[in-house]
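Student: Below is one structure. I have some questions about it.
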Amino acid sequence: DELIDINRQIYKWFPVEGGKPDLSVIDNAYADSIVHFCSQKNIQLFLIGFPIRRCILSKVPADYLIYYNQKLSDYEQVPNVHVLNMTSIDLSYVYYNDPMHLNQKGAKLISKKIVESIDSLATVGL
């Protein structure tokens with residue numbers, strides 16, 4: 001963690017304009033359309049929030065976290081949509097390529113957790 005320029009990573013991934021998060025209107029509209037399309041077509045959709053290094057997650061501006069958690073909460077209310085929020089899973093740096101992206105070892109570990117979560121949902125009938 002000492003080798004990471006945390007402030008640079010925060011600015012890169014979570015820019016703030018005029019004190020507010022610089023959210024992509026297009027990306028969010030696209031996500032909303034996918035969620036509602038899958039719900040209407042009775043397609044089981046799994047939205048997965050992947051882990052973020054603890055040193056980065058602790059510095060993410062609060063408005064981003066509030067928005068993210070609200071979107072997840074909204075999506076959980078939509079039929080056929082399942083949210084697996086794994087952002088706060090505390091993984092060692094050895095599971096990451098960089099502060100924000102899992103490497104092969106991390107992807108393997110999280111993939112196993114995703115399968116376990118989906119299997120547990122399947123046993124209760126989704």
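Convention: chains lettered A, B, ... in structure tokens order; per-chain residue numbering from 1; ligands numbered from 1 as shown.
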Mind the document's chain letters and residue numbers, and return as a ChimeraX atom specification the residues of chain A that DSSP labels strand (DSSP E).
Tutor: /A:16-17,20-21,45-49,81-85
Student: Save the residues we just selected, all heavy atoms, as an mmCIF file, in the first residue's frame?
Tutor:
```
data_model
loop_
_atom_site.group_PDB
_atom_site.id
_atom_site.type_symbol
_atom_site.label_atom_id
_atom_site.label_comp_id
_atom_site.auth_asym_id
_atom_site.auth_seq_id
_atom_site.Cartn_x
_atom_site.Cartn_y
_atom_site.Cartn_z
ATOM 1 N N VAL A 16 -13.927 14.361 -9.187
ATOM 2 C CA VAL A 16 -14.928 15.229 -8.577
ATOM 3 C C VAL A 16 -14.884 16.567 -9.307
ATOM 4 O O VAL A 16 -13.825 17.160 -9.481
ATOM 5 C CB VAL A 16 -14.639 15.423 -7.070
ATOM 6 C CG1 VAL A 16 -15.599 16.418 -6.455
ATOM 7 C CG2 VAL A 16 -14.715 14.087 -6.342
ATOM 8 N N GLU A 17 -16.041 17.014 -9.769
ATOM 9 C CA GLU A 17 -16.166 18.292 -10.458
ATOM 10 C C GLU A 17 -17.052 19.205 -9.615
ATOM 11 O O GLU A 17 -18.207 18.861 -9.351
ATOM 12 C CB GLU A 17 -16.790 18.104 -11.844
ATOM 13 C CG GLU A 17 -15.936 17.328 -12.819
ATOM 14 C CD GLU A 17 -14.761 18.146 -13.329
ATOM 15 O OE1 GLU A 17 -14.871 19.377 -13.389
ATOM 16 O OE2 GLU A 17 -13.726 17.530 -13.635
ATOM 17 N N LYS A 20 -18.810 17.640 -6.636
ATOM 18 C CA LYS A 20 -19.722 16.517 -6.861
ATOM 19 C C LYS A 20 -19.047 15.455 -7.721
ATOM 20 O O LYS A 20 -18.190 15.766 -8.540
ATOM 21 C CB LYS A 20 -20.993 17.001 -7.564
ATOM 22 C CG LYS A 20 -21.817 17.925 -6.706
ATOM 23 C CD LYS A 20 -23.142 18.203 -7.370
ATOM 24 C CE LYS A 20 -23.965 19.061 -6.413
ATOM 25 N NZ LYS A 20 -25.364 19.000 -6.669
ATOM 26 N N PRO A 21 -19.476 14.187 -7.562
ATOM 27 C CA PRO A 21 -18.897 13.124 -8.384
ATOM 28 C C PRO A 21 -19.173 13.365 -9.862
ATOM 29 O O PRO A 21 -20.248 13.834 -10.230
ATOM 30 C CB PRO A 21 -19.597 11.854 -7.919
ATOM 31 C CG PRO A 21 -20.434 12.214 -6.769
ATOM 32 C CD PRO A 21 -20.492 13.695 -6.654
ATOM 33 N N LEU A 45 -30.500 -11.621 -14.151
ATOM 34 C CA LEU A 45 -29.323 -10.763 -14.284
ATOM 35 C C LEU A 45 -28.591 -10.701 -12.947
ATOM 36 O O LEU A 45 -29.203 -10.452 -11.907
ATOM 37 C CB LEU A 45 -29.735 -9.353 -14.713
ATOM 38 C CG LEU A 45 -28.632 -8.313 -14.820
ATOM 39 C CD1 LEU A 45 -27.648 -8.681 -15.927
ATOM 40 C CD2 LEU A 45 -29.227 -6.930 -15.078
ATOM 41 N N PHE A 46 -27.294 -10.930 -12.993
ATOM 42 C CA PHE A 46 -26.466 -10.838 -11.794
ATOM 43 C C PHE A 46 -25.529 -9.654 -11.950
ATOM 44 O O PHE A 46 -24.727 -9.609 -12.891
ATOM 45 C CB PHE A 46 -25.665 -12.128 -11.587
ATOM 46 C CG PHE A 46 -26.534 -13.290 -11.217
ATOM 47 C CD1 PHE A 46 -27.158 -14.040 -12.200
ATOM 48 C CD2 PHE A 46 -26.754 -13.614 -9.888
ATOM 49 C CE1 PHE A 46 -27.982 -15.098 -11.868
ATOM 50 C CE2 PHE A 46 -27.575 -14.676 -9.547
ATOM 51 C CZ PHE A 46 -28.189 -15.424 -10.540
ATOM 52 N N LEU A 47 -25.656 -8.698 -11.055
ATOM 53 C CA LEU A 47 -24.777 -7.536 -11.039
ATOM 54 C C LEU A 47 -23.757 -7.755 -9.931
ATOM 55 O O LEU A 47 -24.124 -8.013 -8.778
ATOM 56 C CB LEU A 47 -25.578 -6.258 -10.783
ATOM 57 C CG LEU A 47 -26.668 -5.961 -11.807
ATOM 58 C CD1 LEU A 47 -27.492 -4.762 -11.370
ATOM 59 C CD2 LEU A 47 -26.054 -5.728 -13.178
ATOM 60 N N ILE A 48 -22.490 -7.649 -10.275
ATOM 61 C CA ILE A 48 -21.430 -7.979 -9.329
ATOM 62 C C ILE A 48 -20.530 -6.775 -9.113
ATOM 63 O O ILE A 48 -19.978 -6.223 -10.057
ATOM 64 C CB ILE A 48 -20.613 -9.177 -9.844
ATOM 65 C CG1 ILE A 48 -21.542 -10.374 -10.046
ATOM 66 C CG2 ILE A 48 -19.477 -9.509 -8.885
ATOM 67 C CD1 ILE A 48 -20.979 -11.476 -10.886
ATOM 68 N N GLY A 49 -20.414 -6.392 -7.866
ATOM 69 C CA GLY A 49 -19.451 -5.358 -7.479
ATOM 70 C C GLY A 49 -18.175 -6.046 -7.034
ATOM 71 O O GLY A 49 -18.167 -6.770 -6.039
ATOM 72 N N VAL A 81 -33.369 -9.440 -10.949
ATOM 73 C CA VAL A 81 -32.048 -8.830 -10.792
ATOM 74 C C VAL A 81 -31.487 -9.234 -9.430
ATOM 75 O O VAL A 81 -32.167 -9.119 -8.406
ATOM 76 C CB VAL A 81 -32.109 -7.291 -10.914
ATOM 77 C CG1 VAL A 81 -30.759 -6.674 -10.648
ATOM 78 C CG2 VAL A 81 -32.613 -6.890 -12.301
ATOM 79 N N HIS A 82 -30.249 -9.698 -9.452
ATOM 80 C CA HIS A 82 -29.585 -10.153 -8.235
ATOM 81 C C HIS A 82 -28.265 -9.397 -8.109
ATOM 82 O O HIS A 82 -27.472 -9.367 -9.044
ATOM 83 C CB HIS A 82 -29.332 -11.664 -8.294
ATOM 84 C CG HIS A 82 -30.553 -12.420 -8.721
ATOM 85 N ND1 HIS A 82 -31.558 -12.752 -7.844
ATOM 86 C CD2 HIS A 82 -30.936 -12.862 -9.933
ATOM 87 C CE1 HIS A 82 -32.511 -13.382 -8.502
ATOM 88 N NE2 HIS A 82 -32.158 -13.465 -9.772
ATOM 89 N N VAL A 83 -28.042 -8.799 -6.965
ATOM 90 C CA VAL A 83 -26.837 -8.010 -6.728
ATOM 91 C C VAL A 83 -25.913 -8.782 -5.800
ATOM 92 O O VAL A 83 -26.319 -9.221 -4.725
ATOM 93 C CB VAL A 83 -27.192 -6.635 -6.110
ATOM 94 C CG1 VAL A 83 -25.941 -5.870 -5.745
ATOM 95 C CG2 VAL A 83 -28.064 -5.830 -7.069
ATOM 96 N N LEU A 84 -24.678 -8.944 -6.247
ATOM 97 C CA LEU A 84 -23.638 -9.551 -5.418
ATOM 98 C C LEU A 84 -22.577 -8.474 -5.200
ATOM 99 O O LEU A 84 -21.718 -8.254 -6.047
ATOM 100 C CB LEU A 84 -23.032 -10.770 -6.114
ATOM 101 C CG LEU A 84 -24.002 -11.860 -6.550
ATOM 102 C CD1 LEU A 84 -23.268 -12.935 -7.348
ATOM 103 C CD2 LEU A 84 -24.695 -12.461 -5.351
ATOM 104 N N ASN A 85 -22.666 -7.785 -4.081
ATOM 105 C CA ASN A 85 -21.745 -6.683 -3.813
ATOM 106 C C ASN A 85 -20.538 -7.196 -3.036
ATOM 107 O O ASN A 85 -20.629 -7.478 -1.851
ATOM 108 C CB ASN A 85 -22.446 -5.572 -3.042
ATOM 109 C CG ASN A 85 -21.573 -4.353 -2.899
ATOM 110 O OD1 ASN A 85 -20.478 -4.285 -3.445
ATOM 111 N ND2 ASN A 85 -22.058 -3.367 -2.174
#
```
Student: Just list the residues in chain A DSSP gives alpha helix (DSSP H) on the backbone, as a CSV table (one decimal) with N, CA and C atoms, in the first residue's frame.
Tutor:
```csv
chain,number,residue,atom,x,y,z
A,6,ILE,N,-2.1,6.8,-3.7
A,6,ILE,CA,-3.6,6.7,-3.5
A,6,ILE,C,-4.3,7.9,-4.1
A,7,ASN,N,-3.8,9.1,-3.8
A,7,ASN,CA,-4.6,10.2,-4.3
A,7,ASN,C,-4.7,10.3,-5.8
A,8,ARG,N,-3.6,9.8,-6.5
A,8,ARG,CA,-3.6,9.8,-7.9
A,8,ARG,C,-4.6,8.8,-8.4
A,9,GLN,N,-4.7,7.6,-7.8
A,9,GLN,CA,-5.7,6.6,-8.1
A,9,GLN,C,-7.1,7.1,-7.9
A,10,ILE,N,-7.3,7.8,-6.8
A,10,ILE,CA,-8.7,8.3,-6.4
A,10,ILE,C,-9.1,9.3,-7.5
A,11,TYR,N,-8.2,10.2,-7.8
A,11,TYR,CA,-8.5,11.2,-8.8
A,11,TYR,C,-8.8,10.6,-10.2
A,12,LYS,N,-8.0,9.6,-10.5
A,12,LYS,CA,-8.2,8.9,-11.8
A,12,LYS,C,-9.5,8.2,-11.9
A,13,TRP,N,-9.9,7.4,-10.9
A,13,TRP,CA,-11.1,6.6,-10.9
A,13,TRP,C,-12.4,7.3,-10.4
A,25,VAL,N,-23.5,10.0,-17.2
A,25,VAL,CA,-25.0,9.9,-17.5
A,25,VAL,C,-25.2,8.8,-18.5
A,26,ILE,N,-24.4,8.7,-19.5
A,26,ILE,CA,-24.6,7.7,-20.5
A,26,ILE,C,-24.4,6.3,-20.0
A,27,ASP,N,-23.3,6.1,-19.2
A,27,ASP,CA,-23.1,4.7,-18.6
A,27,ASP,C,-24.2,4.3,-17.7
A,28,ASN,N,-24.7,5.3,-16.9
A,28,ASN,CA,-25.8,5.0,-15.9
A,28,ASN,C,-27.1,4.7,-16.7
A,29,ALA,N,-27.4,5.4,-17.7
A,29,ALA,CA,-28.6,5.1,-18.5
A,29,ALA,C,-28.5,3.8,-19.2
A,30,TYR,N,-27.3,3.4,-19.6
A,30,TYR,CA,-27.1,2.1,-20.3
A,30,TYR,C,-27.3,1.0,-19.3
A,31,ALA,N,-26.8,1.1,-18.1
A,31,ALA,CA,-27.0,0.1,-17.0
A,31,ALA,C,-28.4,0.0,-16.7
A,32,ASP,N,-29.1,1.1,-16.5
A,32,ASP,CA,-30.6,1.1,-16.2
A,32,ASP,C,-31.3,0.3,-17.3
A,33,SER,N,-31.0,0.6,-18.6
A,33,SER,CA,-31.7,-0.1,-19.7
A,33,SER,C,-31.5,-1.6,-19.7
A,34,ILE,N,-30.2,-2.0,-19.4
A,34,ILE,CA,-29.9,-3.4,-19.3
A,34,ILE,C,-30.8,-4.1,-18.2
A,35,VAL,N,-30.8,-3.5,-17.1
A,35,VAL,CA,-31.5,-4.0,-15.9
A,35,VAL,C,-33.0,-4.1,-16.2
A,36,HIS,N,-33.6,-3.1,-16.8
A,36,HIS,CA,-35.0,-3.2,-17.1
A,36,HIS,C,-35.3,-4.1,-18.3
A,37,PHE,N,-34.5,-4.2,-19.3
A,37,PHE,CA,-34.7,-5.1,-20.4
A,37,PHE,C,-34.7,-6.6,-19.8
A,38,CYS,N,-33.7,-6.9,-19.0
A,38,CYS,CA,-33.6,-8.3,-18.5
A,38,CYS,C,-34.8,-8.6,-17.6
A,39,SER,N,-35.2,-7.6,-16.8
A,39,SER,CA,-36.4,-7.8,-16.0
A,39,SER,C,-37.6,-8.1,-16.9
A,40,GLN,N,-37.8,-7.3,-17.9
A,40,GLN,CA,-39.0,-7.4,-18.7
A,40,GLN,C,-39.0,-8.7,-19.5
A,54,ARG,N,-8.6,-2.1,-0.1
A,54,ARG,CA,-9.0,-1.4,1.1
A,54,ARG,C,-8.4,0.1,1.2
A,55,CYS,N,-7.2,0.2,0.8
A,55,CYS,CA,-6.5,1.5,0.8
A,55,CYS,C,-7.2,2.5,-0.2
A,56,ILE,N,-7.8,2.0,-1.2
A,56,ILE,CA,-8.5,2.8,-2.2
A,56,ILE,C,-9.9,3.1,-1.7
A,57,LEU,N,-10.6,2.0,-1.4
A,57,LEU,CA,-12.0,2.1,-1.0
A,57,LEU,C,-12.2,3.1,0.2
A,62,ALA,N,-17.4,10.1,-0.5
A,62,ALA,CA,-18.6,9.6,0.0
A,62,ALA,C,-19.8,9.7,-1.0
A,63,ASP,N,-19.8,10.7,-1.8
A,63,ASP,CA,-20.9,10.8,-2.7
A,63,ASP,C,-20.9,9.7,-3.7
A,64,TYR,N,-19.8,9.2,-4.1
A,64,TYR,CA,-19.7,8.0,-5.0
A,64,TYR,C,-20.3,6.8,-4.3
A,65,LEU,N,-19.9,6.6,-3.1
A,65,LEU,CA,-20.4,5.4,-2.3
A,65,LEU,C,-21.9,5.5,-2.1
A,66,ILE,N,-22.4,6.7,-1.8
A,66,ILE,CA,-23.8,6.8,-1.6
A,66,ILE,C,-24.6,6.5,-2.9
A,67,TYR,N,-24.1,7.1,-4.0
A,67,TYR,CA,-24.7,6.8,-5.3
A,67,TYR,C,-24.7,5.3,-5.6
A,68,TYR,N,-23.5,4.7,-5.5
A,68,TYR,CA,-23.3,3.3,-5.8
A,68,TYR,C,-24.3,2.4,-5.0
A,69,ASN,N,-24.3,2.7,-3.7
A,69,ASN,CA,-25.2,1.9,-2.8
A,69,ASN,C,-26.7,2.1,-3.1
A,70,GLN,N,-27.0,3.3,-3.5
A,70,GLN,CA,-28.4,3.6,-3.8
A,70,GLN,C,-28.8,2.9,-5.1
A,71,LYS,N,-27.9,2.9,-6.1
A,71,LYS,CA,-28.2,2.2,-7.4
A,71,LYS,C,-28.3,0.7,-7.1
A,72,LEU,N,-27.4,0.1,-6.3
A,72,LEU,CA,-27.6,-1.3,-6.0
A,72,LEU,C,-28.9,-1.6,-5.3
A,73,SER,N,-29.3,-0.7,-4.4
A,73,SER,CA,-30.5,-0.9,-3.7
A,73,SER,C,-31.7,-0.8,-4.6
A,74,ASP,N,-31.7,0.1,-5.6
A,74,ASP,CA,-32.7,0.3,-6.6
A,74,ASP,C,-32.8,-1.0,-7.4
A,75,TYR,N,-31.6,-1.4,-7.9
A,75,TYR,CA,-31.6,-2.6,-8.8
A,75,TYR,C,-32.1,-3.9,-8.0
A,76,GLU,N,-31.8,-4.0,-6.8
A,76,GLU,CA,-32.3,-5.2,-6.0
A,76,GLU,C,-33.8,-5.3,-6.0
A,104,GLN,N,-5.1,-12.7,-12.2
A,104,GLN,CA,-5.6,-14.1,-12.4
A,104,GLN,C,-6.0,-14.8,-11.1
A,105,LYS,N,-5.1,-14.7,-10.1
A,105,LYS,CA,-5.3,-15.3,-8.8
A,105,LYS,C,-6.6,-14.7,-8.2
A,106,GLY,N,-6.7,-13.4,-8.2
A,106,GLY,CA,-7.9,-12.8,-7.6
A,106,GLY,C,-9.1,-13.1,-8.3
A,107,ALA,N,-9.1,-13.1,-9.7
A,107,ALA,CA,-10.3,-13.5,-10.5
A,107,ALA,C,-10.7,-14.9,-10.2
A,108,LYS,N,-9.8,-15.8,-10.0
A,108,LYS,CA,-10.1,-17.2,-9.7
A,108,LYS,C,-10.9,-17.2,-8.3
A,109,LEU,N,-10.3,-16.6,-7.3
A,109,LEU,CA,-10.9,-16.6,-6.0
A,109,LEU,C,-12.3,-16.0,-6.0
A,110,ILE,N,-12.5,-14.8,-6.6
A,110,ILE,CA,-13.8,-14.1,-6.7
A,110,ILE,C,-14.8,-14.9,-7.5
A,111,SER,N,-14.3,-15.5,-8.6
A,111,SER,CA,-15.2,-16.4,-9.4
A,111,SER,C,-15.8,-17.5,-8.6
A,112,LYS,N,-15.0,-18.1,-7.8
A,112,LYS,CA,-15.4,-19.2,-6.9
A,112,LYS,C,-16.5,-18.6,-5.9
A,113,LYS,N,-16.3,-17.4,-5.4
A,113,LYS,CA,-17.3,-16.8,-4.5
A,113,LYS,C,-18.6,-16.5,-5.2
A,114,ILE,N,-18.5,-16.1,-6.5
A,114,ILE,CA,-19.6,-15.8,-7.3
A,114,ILE,C,-20.5,-17.0,-7.5
A,115,VAL,N,-19.8,-18.1,-7.9
A,115,VAL,CA,-20.5,-19.4,-8.1
A,115,VAL,C,-21.2,-19.8,-6.9
A,116,GLU,N,-20.5,-19.7,-5.7
A,116,GLU,CA,-21.1,-20.1,-4.5
A,116,GLU,C,-22.3,-19.3,-4.1
A,117,SER,N,-22.3,-18.0,-4.4
A,117,SER,CA,-23.4,-17.1,-4.2
A,117,SER,C,-24.6,-17.5,-5.1
A,118,ILE,N,-24.3,-17.7,-6.4
A,118,ILE,CA,-25.4,-18.1,-7.3
A,118,ILE,C,-26.0,-19.4,-6.9
A,119,ASP,N,-25.1,-20.4,-6.5
A,119,ASP,CA,-25.6,-21.7,-6.1
A,119,ASP,C,-26.5,-21.5,-4.9
A,120,SER,N,-26.2,-20.7,-4.0
A,120,SER,CA,-27.0,-20.5,-2.8
A,120,SER,C,-28.3,-19.9,-3.1
A,121,LEU,N,-28.3,-18.9,-4.1
A,121,LEU,CA,-29.6,-18.3,-4.6
A,121,LEU,C,-30.4,-19.4,-5.3
A,122,ALA,N,-29.8,-20.3,-6.0
A,122,ALA,CA,-30.5,-21.3,-6.8
A,122,ALA,C,-31.2,-22.3,-5.8
A,123,THR,N,-30.6,-22.5,-4.7
A,123,THR,CA,-31.3,-23.5,-3.7
A,123,THR,C,-32.5,-22.9,-3.1
```
Student: What is the atom CA of Leu102 of chain A to atom CA of Asp22 of chain A distance in Å?
Tutor: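 Straight-line distance from atom CA of Leu102 of chain A to atom CA of Asp22 of chain A works out to 24.0 Å.
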Student: Quick one: pull the distance between atom CA of Asp98 of chain A and atom CA of Leu23 of chain A, Å, one decimal.
Tutor: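 Computing it gives 22.3 Å between the two atoms.
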Student: Please identify all polymer residues within 6 Å of Pro51 of chain A, counting only C-alpha atoms, omitting same-chain residues fewer than 5 positions from it, and present them as a PyMOL selection string.
Tutor: chain A and resi 86-89
Student: Nearest residue to Asn80 of chain A out of A:Asn103, A:Ser92, A:Ser58, A:Asn42, using only C-alpha atoms?
Tutor: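 The shortest atom-to-atom distance to Asn80 of chain A comes from A:Asn42.
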Student: Mind giving me the straight-line distance from atom CA of Met100 of chain A to atom CA of Ile52 of chain A in Å, one decimal?
Tutor: 5.6 Å
